[in-house]
file entry00.pdb (PDB, C-alpha atoms and all ligand atoms)
MODEL        1
ATOM      1  CA  MET A  26      95.636 -28.388 -18.711
ATOM      2  CA  ASN A  27      94.953 -26.893 -22.141
ATOM      3  CA  GLU A  28      91.855 -24.783 -22.970
ATOM      4  CA  GLU A  29      89.960 -27.650 -24.663
ATOM      5  CA  THR A  30      90.522 -30.054 -21.745
ATOM      6  CA  LYS A  31      89.500 -27.353 -19.266
ATOM      7  CA  LEU A  32      86.354 -26.728 -21.280
ATOM      8  CA  ALA A  33      85.464 -30.425 -21.494
ATOM      9  CA  THR A  34      85.972 -30.813 -17.728
ATOM     10  CA  ALA A  35      83.842 -27.744 -17.006
ATOM     11  CA  ARG A  36      81.072 -28.998 -19.331
ATOM     12  CA  ASN A  37      80.930 -32.350 -17.561
ATOM     13  CA  LEU A  38      80.739 -30.726 -14.150
ATOM     14  CA  MET A  39      78.148 -28.111 -15.003
ATOM     15  CA  THR A  40      74.838 -29.900 -15.114
ATOM     16  CA  TYR A  41      73.055 -27.770 -12.544
ATOM     17  CA  SER A  42      69.866 -26.078 -13.615
ATOM     18  CA  CYS A  43      68.106 -23.161 -11.919
ATOM     19  CA  ASP A  44      65.728 -20.333 -12.638
ATOM     20  CA  LYS A  45      68.045 -17.821 -14.277
ATOM     21  CA  ILE A  46      65.867 -14.866 -13.451
ATOM     22  CA  LYS A  47      66.157 -15.562  -9.725
ATOM     23  CA  MET A  48      69.919 -15.858  -9.611
ATOM     24  CA  TYR A  49      70.492 -12.253  -8.586
ATOM     25  CA  ALA A  50      67.751 -11.592  -6.047
ATOM     26  CA  ASP A  51      69.903 -11.059  -2.986
ATOM     27  CA  LEU A  52      70.876  -7.479  -2.073
ATOM     28  CA  ASP A  53      74.213  -8.455  -0.479
ATOM     29  CA  GLN A  54      75.116 -10.380  -3.619
ATOM     30  CA  SER A  55      74.255  -7.388  -5.822
ATOM     31  CA  LYS A  56      76.245  -5.054  -3.541
ATOM     32  CA  ALA A  57      79.240  -7.391  -3.849
ATOM     33  CA  TYR A  58      78.617  -7.517  -7.600
ATOM     34  CA  SER A  59      78.691  -3.737  -7.995
ATOM     35  CA  GLU A  60      81.781  -3.398  -5.825
ATOM     36  CA  PHE A  61      83.966  -6.310  -6.839
ATOM     37  CA  ARG A  62      83.149  -7.510 -10.353
ATOM     38  CA  PRO A  63      85.665  -6.581 -13.040
ATOM     39  CA  ARG A  64      85.086  -3.533 -15.215
ATOM     40  CA  TYR A  65      85.552  -3.870 -18.981
ATOM     41  CA  SER A  66      88.419  -2.138 -20.736
ATOM     42  CA  LYS A  67      88.016   1.296 -22.341
ATOM     43  CA  GLU A  68      89.284  -0.306 -25.539
ATOM     44  CA  LEU A  69      86.255  -2.631 -25.634
ATOM     45  CA  TYR A  70      83.754   0.246 -25.479
ATOM     46  CA  LYS A  71      85.677   2.265 -28.044
ATOM     47  CA  THR A  72      85.900  -0.675 -30.441
ATOM     48  CA  ILE A  73      82.139  -1.290 -30.247
ATOM     49  CA  ALA A  74      81.339   2.423 -30.613
ATOM     50  CA  ASP A  75      83.694   2.712 -33.616
ATOM     51  CA  TYR A  76      81.984  -0.282 -35.213
ATOM     52  CA  CYS A  77      78.562   1.346 -34.698
ATOM     53  CA  ARG A  78      79.870   4.587 -36.220
ATOM     54  CA  GLU A  79      80.671   2.800 -39.476
ATOM     55  CA  THR A  80      76.956   2.862 -40.247
ATOM     56  CA  MET A  81      75.791   5.794 -38.069
ATOM     57  CA  PRO A  82      78.210   8.683 -37.413
ATOM     58  CA  ASP A  83      76.078  10.236 -34.649
ATOM     59  CA  LEU A  84      75.327   7.616 -32.051
ATOM     60  CA  GLY A  85      71.930   7.961 -30.380
ATOM     61  CA  LEU A  86      70.608   5.149 -28.217
ATOM     62  CA  ALA A  87      72.476   2.154 -26.726
ATOM     63  CA  VAL A  88      70.545  -0.605 -24.955
ATOM     64  CA  ASP A  89      72.393  -2.935 -22.561
ATOM     65  CA  VAL A  90      70.344  -5.985 -21.513
ATOM     66  CA  GLY A  91      71.303  -8.037 -18.457
ATOM     67  CA  CYS A  92      73.223  -4.953 -17.347
ATOM     68  CA  GLY A  93      73.622  -5.914 -13.674
ATOM     69  CA  PRO A  94      74.563  -2.860 -11.597
ATOM     70  CA  GLY A  95      75.829  -1.149 -14.745
ATOM     71  CA  MET A  96      79.434  -2.212 -15.277
ATOM     72  CA  SER A  97      78.705  -3.199 -18.875
ATOM     73  CA  THR A  98      76.569  -0.062 -19.425
ATOM     74  CA  LEU A  99      78.451   2.989 -18.184
ATOM     75  CA  GLY A 100      81.394   2.765 -20.578
ATOM     76  CA  PHE A 101      79.038   3.528 -23.487
ATOM     77  CA  CYS A 102      77.870   6.856 -22.002
ATOM     78  CA  LYS A 103      80.678   8.879 -23.531
ATOM     79  CA  TYR A 104      79.897   7.605 -27.027
ATOM     80  CA  PHE A 105      76.080   7.538 -27.121
ATOM     81  CA  GLU A 106      73.584  10.314 -26.564
ATOM     82  CA  LYS A 107      71.517   8.044 -24.343
ATOM     83  CA  VAL A 108      72.161   4.651 -22.720
ATOM     84  CA  ILE A 109      69.557   2.396 -21.113
ATOM     85  CA  GLY A 110      70.547  -0.555 -18.917
ATOM     86  CA  ILE A 111      67.919  -3.245 -18.362
ATOM     87  CA  ASP A 112      68.060  -6.138 -15.936
ATOM     88  CA  VAL A 113      65.475  -8.575 -14.675
ATOM     89  CA  SER A 114      66.856  -8.312 -11.127
ATOM     90  CA  GLU A 115      65.522  -5.539  -8.895
ATOM     91  CA  THR A 116      68.514  -5.787  -6.552
ATOM     92  CA  GLN A 117      71.014  -5.441  -9.406
ATOM     93  CA  ILE A 118      69.179  -2.342 -10.664
ATOM     94  CA  ALA A 119      68.970  -0.996  -7.078
ATOM     95  CA  CYS A 120      72.806  -1.065  -6.998
ATOM     96  CA  ALA A 121      73.228   0.763 -10.330
ATOM     97  CA  PRO A 122      74.271   4.450 -10.282
ATOM     98  CA  THR A 123      71.535   7.074 -10.464
ATOM     99  CA  ASP A 124      73.675  10.130 -11.164
ATOM    100  CA  VAL A 125      74.789   9.672 -14.763
ATOM    101  CA  PRO A 126      72.792  12.228 -16.781
ATOM    102  CA  ASN A 127      72.531  10.330 -20.094
ATOM    103  CA  CYS A 128      71.996   6.906 -18.542
ATOM    104  CA  GLU A 129      68.976   5.226 -17.012
ATOM    105  CA  PHE A 130      68.362   1.767 -15.590
ATOM    106  CA  LYS A 131      65.170  -0.243 -15.708
ATOM    107  CA  VAL A 132      63.945  -3.584 -14.429
ATOM    108  CA  GLY A 133      62.846  -5.715 -17.380
ATOM    109  CA  TYR A 134      63.326  -8.793 -19.523
ATOM    110  CA  SER A 135      65.828  -8.784 -22.366
ATOM    111  CA  HIS A 136      63.175 -10.046 -24.775
ATOM    112  CA  GLN A 137      60.362  -7.673 -23.743
ATOM    113  CA  LEU A 138      61.277  -4.011 -24.009
ATOM    114  CA  PRO A 139      57.932  -2.247 -24.549
ATOM    115  CA  PHE A 140      59.403   1.070 -23.366
ATOM    116  CA  ILE A 141      61.788   1.177 -26.345
ATOM    117  CA  GLU A 142      60.324   2.212 -29.673
ATOM    118  CA  SER A 143      60.980   0.057 -32.714
ATOM    119  CA  GLY A 144      63.890   1.073 -34.936
ATOM    120  CA  THR A 145      65.363   3.596 -32.475
ATOM    121  CA  ALA A 146      68.532   1.970 -31.072
ATOM    122  CA  ASP A 147      72.007   2.044 -32.627
ATOM    123  CA  LEU A 148      73.391  -0.625 -30.287
ATOM    124  CA  PHE A 149      71.864  -3.602 -28.485
ATOM    125  CA  CYS A 150      74.395  -5.282 -26.223
ATOM    126  CA  SER A 151      74.784  -7.827 -23.475
ATOM    127  CA  GLY A 152      77.806  -8.238 -21.190
ATOM    128  CA  GLN A 153      78.375 -11.602 -19.520
ATOM    129  CA  SER A 154      74.654 -12.350 -19.600
ATOM    130  CA  PHE A 155      73.456 -13.499 -23.034
ATOM    131  CA  TYR A 156      73.765 -17.180 -22.091
ATOM    132  CA  PHE A 157      71.212 -16.737 -19.287
ATOM    133  CA  MET A 158      68.588 -15.278 -21.624
ATOM    134  CA  PRO A 159      66.009 -16.740 -24.004
ATOM    135  CA  GLN A 160      68.373 -16.146 -26.904
ATOM    136  CA  LYS A 161      66.086 -16.428 -29.929
ATOM    137  CA  GLU A 162      63.489 -14.118 -28.384
ATOM    138  CA  THR A 163      66.138 -11.669 -27.158
ATOM    139  CA  LEU A 164      67.654 -11.384 -30.647
ATOM    140  CA  ALA A 165      64.146 -10.919 -32.101
ATOM    141  CA  GLU A 166      63.664  -8.015 -29.662
ATOM    142  CA  ALA A 167      67.098  -6.663 -30.684
ATOM    143  CA  ASP A 168      65.985  -6.729 -34.322
ATOM    144  CA  ARG A 169      62.821  -4.840 -33.372
ATOM    145  CA  VAL A 170      64.452  -2.040 -31.371
ATOM    146  CA  LEU A 171      67.515  -1.570 -33.622
ATOM    147  CA  ARG A 172      67.446   0.808 -36.559
ATOM    148  CA  PRO A 173      68.356  -0.790 -39.908
ATOM    149  CA  GLY A 174      72.094  -1.466 -39.826
ATOM    150  CA  GLY A 175      72.227  -1.245 -36.010
ATOM    151  CA  THR A 176      74.692  -3.378 -34.032
ATOM    152  CA  VAL A 177      74.297  -6.359 -31.697
ATOM    153  CA  ALA A 178      77.333  -6.776 -29.416
ATOM    154  CA  LEU A 179      77.777  -9.717 -27.038
ATOM    155  CA  PHE A 180      80.784  -9.690 -24.744
ATOM    156  CA  GLY A 181      82.061 -11.157 -21.504
ATOM    157  CA  TYR A 182      84.947 -12.879 -19.778
ATOM    158  CA  GLY A 183      85.862 -16.514 -19.087
ATOM    159  CA  LEU A 184      87.481 -18.318 -16.189
ATOM    160  CA  ILE A 185      89.851 -16.484 -13.876
ATOM    161  CA  ASN A 186      93.537 -17.296 -14.019
ATOM    162  CA  ALA A 187      95.828 -15.991 -11.306
ATOM    163  CA  ARG A 188      99.461 -15.243 -12.028
ATOM    164  CA  ARG A 189     100.619 -17.233  -8.992
ATOM    165  CA  GLN A 190     100.226 -20.996  -9.248
ATOM    166  CA  GLN A 191      99.559 -21.269  -5.495
ATOM    167  CA  ILE A 192      96.503 -19.023  -5.876
ATOM    168  CA  ASN A 193      95.291 -21.048  -8.851
ATOM    169  CA  GLU A 194      95.428 -24.156  -6.671
ATOM    170  CA  ILE A 195      93.277 -22.471  -3.998
ATOM    171  CA  LEU A 196      90.896 -21.346  -6.740
ATOM    172  CA  GLN A 197      90.685 -24.891  -7.997
ATOM    173  CA  LYS A 198      89.585 -26.134  -4.563
ATOM    174  CA  ILE A 199      86.895 -23.449  -4.303
ATOM    175  CA  PHE A 200      85.662 -24.228  -7.818
ATOM    176  CA  VAL A 201      85.351 -27.914  -6.980
ATOM    177  CA  ARG A 202      83.149 -26.933  -4.016
ATOM    178  CA  LEU A 203      81.007 -24.437  -5.920
ATOM    179  CA  MET A 204      80.967 -25.973  -9.404
ATOM    180  CA  PRO A 205      77.941 -28.231  -8.744
ATOM    181  CA  TYR A 206      75.970 -24.966  -8.353
ATOM    182  CA  MET A 207      77.231 -23.461 -11.571
ATOM    183  CA  PRO A 208      74.285 -23.218 -14.018
ATOM    184  CA  LYS A 209      74.977 -25.340 -17.058
ATOM    185  CA  GLU A 210      74.502 -22.305 -19.321
ATOM    186  CA  THR A 211      77.754 -20.933 -17.885
ATOM    187  CA  THR A 212      79.627 -23.336 -20.178
ATOM    188  CA  GLN A 213      78.717 -20.871 -22.940
ATOM    189  CA  ALA A 214      80.777 -18.243 -21.122
ATOM    190  CA  VAL A 215      83.675 -20.661 -20.754
ATOM    191  CA  SER A 216      83.527 -21.441 -24.473
ATOM    192  CA  LYS A 217      83.137 -17.713 -25.295
ATOM    193  CA  LEU A 218      79.751 -18.337 -26.965
ATOM    194  CA  ARG A 219      81.377 -20.483 -29.660
ATOM    195  CA  GLU A 220      78.359 -22.793 -29.840
ATOM    196  CA  THR A 221      75.946 -19.892 -30.265
ATOM    197  CA  THR A 222      74.804 -19.368 -33.813
ATOM    198  CA  LEU A 223      73.924 -15.778 -34.560
ATOM    199  CA  PRO A 224      71.514 -15.106 -37.415
ATOM    200  CA  TYR A 225      73.703 -12.335 -38.854
ATOM    201  CA  SER A 226      75.871 -12.774 -41.941
ATOM    202  CA  ASP A 227      78.270  -9.913 -41.148
ATOM    203  CA  PHE A 228      79.179 -11.298 -37.739
ATOM    204  CA  ILE A 229      82.729 -10.768 -36.407
ATOM    205  CA  ARG A 230      84.452 -12.285 -33.369
ATOM    206  CA  ARG A 231      87.242 -10.655 -31.348
ATOM    207  CA  GLU A 232      89.150 -12.491 -28.646
ATOM    208  CA  ASP A 233      92.113 -10.199 -28.269
ATOM    209  CA  PHE A 234      90.868  -7.919 -25.488
ATOM    210  CA  LYS A 235      92.897  -8.401 -22.357
ATOM    211  CA  ALA A 236      91.544  -7.785 -18.875
ATOM    212  CA  ALA A 237      94.228  -7.830 -16.217
ATOM    213  CA  HIS A 238      93.046  -7.002 -12.716
ATOM    214  CA  GLN A 239      94.941  -6.790  -9.493
ATOM    215  CA  MET A 240      92.763  -7.900  -6.605
ATOM    216  CA  THR A 241      93.459  -8.094  -2.909
ATOM    217  CA  LEU A 242      92.290 -11.236  -1.114
ATOM    218  CA  GLU A 243      89.311  -9.270   0.307
ATOM    219  CA  GLU A 244      88.355  -8.098  -3.181
ATOM    220  CA  PHE A 245      88.672 -11.578  -4.557
ATOM    221  CA  ILE A 246      86.437 -12.958  -1.798
ATOM    222  CA  GLY A 247      83.960 -10.160  -2.617
ATOM    223  CA  PHE A 248      84.029 -11.303  -6.248
ATOM    224  CA  ILE A 249      83.263 -14.915  -5.238
ATOM    225  CA  LYS A 250      80.410 -13.680  -2.986
ATOM    226  CA  SER A 251      78.835 -11.974  -5.995
ATOM    227  CA  THR A 252      78.431 -15.284  -7.832
ATOM    228  CA  TRP A 253      75.326 -17.457  -7.861
ATOM    229  CA  PRO A 254      77.221 -20.686  -6.969
ATOM    230  CA  TYR A 255      78.463 -19.036  -3.746
ATOM    231  CA  VAL A 256      74.950 -17.815  -2.840
ATOM    232  CA  ALA A 257      73.305 -21.156  -3.678
ATOM    233  CA  TYR A 258      75.977 -23.201  -1.869
ATOM    234  CA  SER A 259      75.692 -20.975   1.230
ATOM    235  CA  LYS A 260      71.932 -21.541   1.304
ATOM    236  CA  ASP A 261      72.401 -25.317   1.247
ATOM    237  CA  TYR A 262      75.319 -25.260   3.700
ATOM    238  CA  PRO A 263      74.695 -22.309   6.058
ATOM    239  CA  ASN A 264      77.306 -23.608   8.527
ATOM    240  CA  VAL A 265      80.144 -23.690   6.010
ATOM    241  CA  ASP A 266      82.018 -20.393   5.721
ATOM    242  CA  THR A 267      83.610 -20.509   2.267
ATOM    243  CA  ALA A 268      85.046 -16.994   2.639
ATOM    244  CA  ALA A 269      86.800 -17.982   5.902
ATOM    245  CA  ASP A 270      88.085 -21.182   4.260
ATOM    246  CA  MET A 271      89.568 -19.138   1.426
ATOM    247  CA  LYS A 272      91.314 -16.835   3.914
ATOM    248  CA  LYS A 273      92.688 -19.823   5.805
ATOM    249  CA  GLU A 274      94.123 -21.351   2.625
TER     250      GLU A 274
HETATM  251  C1  LIG B   1      76.576 -12.192 -14.815
HETATM  252  S1  LIG B   1      75.468 -10.807 -14.723
HETATM  253  C2  LIG B   1      76.159  -9.654 -15.890
HETATM  254  C3  LIG B   1      76.034  -8.210 -15.439
HETATM  255  C4  LIG B   1      76.810  -7.190 -16.259
HETATM  256  N1  LIG B   1      76.245  -7.059 -17.575
HETATM  257  C5  LIG B   1      78.290  -7.508 -16.355
HETATM  258  O1  LIG B   1      78.816  -7.481 -17.474
HETATM  259  O2  LIG B   1      78.955  -7.730 -15.332
HETATM  260  C6  LIG B   1      74.056 -11.437 -15.579
HETATM  261  C7  LIG B   1      72.863 -10.520 -15.429
HETATM  262  O3  LIG B   1      71.853 -10.915 -16.362
HETATM  263  C8  LIG B   1      70.594 -10.714 -15.759
HETATM  264  N2  LIG B   1      69.605 -11.489 -16.508
HETATM  265  C9  LIG B   1      69.507 -12.838 -16.591
HETATM  266  N3  LIG B   1      68.496 -13.184 -17.400
HETATM  267  C10 LIG B   1      67.941 -12.019 -17.850
HETATM  268  C11 LIG B   1      66.863 -11.708 -18.729
HETATM  269  N4  LIG B   1      66.166 -12.680 -19.314
HETATM  270  N5  LIG B   1      66.576 -10.420 -18.964
HETATM  271  C12 LIG B   1      67.296  -9.426 -18.377
HETATM  272  N6  LIG B   1      68.320  -9.651 -17.544
HETATM  273  C13 LIG B   1      68.655 -10.931 -17.290
HETATM  274  C14 LIG B   1      70.825 -11.155 -14.319
HETATM  275  O4  LIG B   1      69.851 -10.668 -13.436
HETATM  276  C15 LIG B   1      72.224 -10.596 -14.054
HETATM  277  O5  LIG B   1      72.196  -9.321 -13.465
ENDMDL
END
call {"tool": "encode", "arguments": {"input": "entry00.pdb", "output": "structure tokens"}}
result
Amino acid sequence: MNEETKLATARNLMTYSCDKIKMYADLDQSKAYSEFRPRYSKELYKTIADYCRETMPDLGLAVDVGCGPGMSTLGFCKYFEKVIGIDVSETQIACAPTDVPNCEFKVGYSHQLPFIESGTADLFCSGQSFYFMPQKETLAEADRVLRPGGTVALFGYGLINARRQQINEILQKIFVRLMPYMPKETTQAVSKLRETTLPYSDFIRREDFKAAHQMTLEEFIGFIKSTWPYVAYSKDYPNVDTAADMKKE
């Protein structure tokens, strides 16, 4: 199946709607998130920092909204004097590290950051989360907190592809089970935010970052447990053990 067909199929299946700010309210889910979700490549952080340096050689503040337990946040710490991760979920923030000296995490909405002064940030970013947010309002808040010439960076990853076809077939079965619980906004992740219009004329898109991860079966099951569709499905079907089914397959 080519990318366009996959995308069309995913779009048709994803009609489910839910309250996006309640999707990560379960501590076990957030623990699984912090342990098993992929980390971004060093190259991604360096590329974004280098881009910011084109207009500001000494990088001060980076703001990461929808930061989860910090996997999209921490990589900026070596480039910026201070990094603040913000997430609406208390459990995600509870699972973020507390021992990184130039980094702090706060519970908050991406479009309401009263604790950040106007015109003080060099970077406003969002990893794998922009499509869950009120986008117009979030970008308006980005424009408020950024200094003139500051950078907005939106990044993330799409669907998982395993190297072994047999594993892809198992994945397919699990997706068919969980897909009805996939919020329809997730199609924006699948399409890599192509439908999102950004109000910036000097906007650039990069799709050449590769993220190859080796996962054991246990780690992969942990990854699935960190997703909203798994949590929502398990609530509706408490007697079905999706993790055990995956092991059996
Ligand atoms: C898929 S996770 C991404 C976490 C992390 N940035 C990453 O790259 O793995 C999406 C996160 O966005 C958060 N979120 C959703 N809507 C939000 C909003 N309006 N303001 C702040 N955070 C939000 C969720 O609570 C969740 O932790």
call {"tool": "atom_distance", "arguments": {"input": "entry00.pdb", "atom1": "atom C5 of ligand LIG 1 (chain B)", "atom2": "CA of Lys273 (chain A)"}}
result
29.2 Å
call {"tool": "closest_residue", "arguments": {"input": "entry00.pdb", "among": "A:Thr222, A:Thr211, A:Thr98, A:Ser154", "to": "ligand LIG 1 (chain B)", "atoms": "all atoms listed in the file"}}
result
A:Ser154
call {"tool": "resolve_selection", "arguments": {"input": "entry00.pdb", "expression": "the PyMOL selection byres (((not hetatm)) within 8 of (chain B and resi 1))", "output": "PDB file with C-alpha atoms, keeping the file's coordinate frame"}}
result
ATOM      1  CA  LYS A  45      68.045 -17.821 -14.277  1.00  0.00           C
ATOM      2  CA  ILE A  46      65.867 -14.866 -13.451  1.00  0.00           C
ATOM      3  CA  LYS A  47      66.157 -15.562  -9.725  1.00  0.00           C
ATOM      4  CA  MET A  48      69.919 -15.858  -9.611  1.00  0.00           C
ATOM      5  CA  TYR A  49      70.492 -12.253  -8.586  1.00  0.00           C
ATOM      6  CA  ALA A  50      67.751 -11.592  -6.047  1.00  0.00           C
ATOM      7  CA  TYR A  58      78.617  -7.517  -7.600  1.00  0.00           C
ATOM      8  CA  ARG A  62      83.149  -7.510 -10.353  1.00  0.00           C
ATOM      9  CA  PRO A  63      85.665  -6.581 -13.040  1.00  0.00           C
ATOM     10  CA  ARG A  64      85.086  -3.533 -15.215  1.00  0.00           C
ATOM     11  CA  TYR A  65      85.552  -3.870 -18.981  1.00  0.00           C
ATOM     12  CA  ASP A  89      72.393  -2.935 -22.561  1.00  0.00           C
ATOM     13  CA  VAL A  90      70.344  -5.985 -21.513  1.00  0.00           C
ATOM     14  CA  GLY A  91      71.303  -8.037 -18.457  1.00  0.00           C
ATOM     15  CA  CYS A  92      73.223  -4.953 -17.347  1.00  0.00           C
ATOM     16  CA  GLY A  93      73.622  -5.914 -13.674  1.00  0.00           C
ATOM     17  CA  PRO A  94      74.563  -2.860 -11.597  1.00  0.00           C
ATOM     18  CA  GLY A  95      75.829  -1.149 -14.745  1.00  0.00           C
ATOM     19  CA  MET A  96      79.434  -2.212 -15.277  1.00  0.00           C
ATOM     20  CA  SER A  97      78.705  -3.199 -18.875  1.00  0.00           C
ATOM     21  CA  THR A  98      76.569  -0.062 -19.425  1.00  0.00           C
ATOM     22  CA  ILE A 111      67.919  -3.245 -18.362  1.00  0.00           C
ATOM     23  CA  ASP A 112      68.060  -6.138 -15.936  1.00  0.00           C
ATOM     24  CA  VAL A 113      65.475  -8.575 -14.675  1.00  0.00           C
ATOM     25  CA  SER A 114      66.856  -8.312 -11.127  1.00  0.00           C
ATOM     26  CA  GLN A 117      71.014  -5.441  -9.406  1.00  0.00           C
ATOM     27  CA  VAL A 132      63.945  -3.584 -14.429  1.00  0.00           C
ATOM     28  CA  GLY A 133      62.846  -5.715 -17.380  1.00  0.00           C
ATOM     29  CA  TYR A 134      63.326  -8.793 -19.523  1.00  0.00           C
ATOM     30  CA  SER A 135      65.828  -8.784 -22.366  1.00  0.00           C
ATOM     31  CA  HIS A 136      63.175 -10.046 -24.775  1.00  0.00           C
ATOM     32  CA  SER A 151      74.784  -7.827 -23.475  1.00  0.00           C
ATOM     33  CA  GLY A 152      77.806  -8.238 -21.190  1.00  0.00           C
ATOM     34  CA  GLN A 153      78.375 -11.602 -19.520  1.00  0.00           C
ATOM     35  CA  SER A 154      74.654 -12.350 -19.600  1.00  0.00           C
ATOM     36  CA  PHE A 155      73.456 -13.499 -23.034  1.00  0.00           C
ATOM     37  CA  PHE A 157      71.212 -16.737 -19.287  1.00  0.00           C
ATOM     38  CA  MET A 158      68.588 -15.278 -21.624  1.00  0.00           C
ATOM     39  CA  PRO A 159      66.009 -16.740 -24.004  1.00  0.00           C
ATOM     40  CA  THR A 163      66.138 -11.669 -27.158  1.00  0.00           C
ATOM     41  CA  PHE A 180      80.784  -9.690 -24.744  1.00  0.00           C
ATOM     42  CA  GLY A 181      82.061 -11.157 -21.504  1.00  0.00           C
ATOM     43  CA  THR A 252      78.431 -15.284  -7.832  1.00  0.00           C
TER      44      THR A 252
END
call {"tool": "closest_residue", "arguments": {"input": "entry00.pdb", "among": "A:Glu210, A:Glu60, A:Glu129, A:Glu194", "to": "Gln160 (chain A)", "atoms": "only C-alpha atoms"}}
result
A:Glu210
call {"tool": "atom_distance", "arguments": {"input": "entry00.pdb", "atom1": "CA of Phe200 (chain A)", "atom2": "CA of Thr241 (chain A)"}}
result
18.6 Å
call {"tool": "closest_residue", "arguments": {"input": "entry00.pdb", "among": "A:Ala74, A:Met204, A:Leu184, A:Leu223", "to": "Ala165 (chain A)", "atoms": "all atoms listed in the file"}}
result
A:Leu223
call {"tool": "residues_around", "arguments": {"input": "entry00.pdb", "residues": "Glu166 (chain A)", "least_positions_apart": "3", "cutoff": "12 Å", "atoms": "all atoms listed in the file", "output": "number ranges by chain"}}
result
A: 88, 90, 134-144, 146, 149-150, 158-163, 169-172, 177
call {"tool": "decode", "arguments": {"input": "entry00.pdb", "residues": "region 212-264 of chain A", "atoms": "C-alpha atoms", "output": "PDB file, in the first residue's frame"}}
result
ATOM      1  CA  THR A 212      -4.679  12.083  10.775  1.00  0.00           C
ATOM      2  CA  GLN A 213      -2.659  15.313  10.913  1.00  0.00           C
ATOM      3  CA  ALA A 214       0.240  13.309  12.343  1.00  0.00           C
ATOM      4  CA  VAL A 215      -0.138  10.685   9.631  1.00  0.00           C
ATOM      5  CA  SER A 216      -0.094  13.400   6.967  1.00  0.00           C
ATOM      6  CA  LYS A 217       2.838  15.148   8.718  1.00  0.00           C
ATOM      7  CA  LEU A 218       0.768  18.327   9.220  1.00  0.00           C
ATOM      8  CA  ARG A 219       0.510  18.859   5.457  1.00  0.00           C
ATOM      9  CA  GLU A 220      -3.006  20.285   5.757  1.00  0.00           C
ATOM     10  CA  THR A 221      -1.955  22.771   8.429  1.00  0.00           C
ATOM     11  CA  THR A 222      -1.462  26.273   7.141  1.00  0.00           C
ATOM     12  CA  LEU A 223       1.069  28.231   9.136  1.00  0.00           C
ATOM     13  CA  PRO A 224       0.826  32.019   9.069  1.00  0.00           C
ATOM     14  CA  TYR A 225       4.570  32.431   8.474  1.00  0.00           C
ATOM     15  CA  SER A 226       6.065  33.336   5.102  1.00  0.00           C
ATOM     16  CA  ASP A 227       9.547  31.955   5.831  1.00  0.00           C
ATOM     17  CA  PHE A 228       8.261  28.495   6.689  1.00  0.00           C
ATOM     18  CA  ILE A 229      10.418  25.449   5.834  1.00  0.00           C
ATOM     19  CA  ARG A 230       9.559  21.741   5.934  1.00  0.00           C
ATOM     20  CA  ARG A 231      12.028  18.900   6.535  1.00  0.00           C
ATOM     21  CA  GLU A 232      11.086  15.256   6.149  1.00  0.00           C
ATOM     22  CA  ASP A 233      14.516  13.711   5.992  1.00  0.00           C
ATOM     23  CA  PHE A 234      15.078  12.914   9.671  1.00  0.00           C
ATOM     24  CA  LYS A 235      15.202   9.195  10.228  1.00  0.00           C
ATOM     25  CA  ALA A 236      14.230   7.537  13.489  1.00  0.00           C
ATOM     26  CA  ALA A 237      15.169   3.881  13.626  1.00  0.00           C
ATOM     27  CA  HIS A 238      14.458   2.155  16.921  1.00  0.00           C
ATOM     28  CA  GLN A 239      15.044  -1.386  17.991  1.00  0.00           C
ATOM     29  CA  MET A 240      12.343  -2.504  20.394  1.00  0.00           C
ATOM     30  CA  THR A 241      11.833  -5.766  22.204  1.00  0.00           C
ATOM     31  CA  LEU A 242       8.295  -7.159  22.248  1.00  0.00           C
ATOM     32  CA  GLU A 243       7.904  -5.946  25.871  1.00  0.00           C
ATOM     33  CA  GLU A 244       9.009  -2.447  24.874  1.00  0.00           C
ATOM     34  CA  PHE A 245       6.679  -2.432  21.929  1.00  0.00           C
ATOM     35  CA  ILE A 246       3.756  -3.482  24.136  1.00  0.00           C
ATOM     36  CA  GLY A 247       4.766  -0.683  26.541  1.00  0.00           C
ATOM     37  CA  PHE A 248       4.624   1.744  23.612  1.00  0.00           C
ATOM     38  CA  ILE A 249       1.096   0.587  22.685  1.00  0.00           C
ATOM     39  CA  LYS A 250       0.021   0.921  26.355  1.00  0.00           C
ATOM     40  CA  SER A 251       1.109   4.562  26.294  1.00  0.00           C
ATOM     41  CA  THR A 252      -1.400   5.407  23.556  1.00  0.00           C
ATOM     42  CA  TRP A 253      -4.883   6.805  24.074  1.00  0.00           C
ATOM     43  CA  PRO A 254      -6.582   4.204  21.802  1.00  0.00           C
ATOM     44  CA  TYR A 255      -5.212   1.405  24.025  1.00  0.00           C
ATOM     45  CA  VAL A 256      -6.397   3.156  27.216  1.00  0.00           C
ATOM     46  CA  ALA A 257      -9.831   3.995  25.775  1.00  0.00           C
ATOM     47  CA  TYR A 258     -10.329   0.510  24.292  1.00  0.00           C
ATOM     48  CA  SER A 259      -9.333  -1.126  27.604  1.00  0.00           C
ATOM     49  CA  LYS A 260     -11.920   0.978  29.434  1.00  0.00           C
ATOM     50  CA  ASP A 261     -14.669  -0.167  27.063  1.00  0.00           C
ATOM     51  CA  TYR A 262     -13.474  -3.787  26.999  1.00  0.00           C
ATOM     52  CA  PRO A 263     -11.940  -4.483  30.436  1.00  0.00           C
ATOM     53  CA  ASN A 264     -12.007  -8.252  29.808  1.00  0.00           C
TER      54      ASN A 264
END
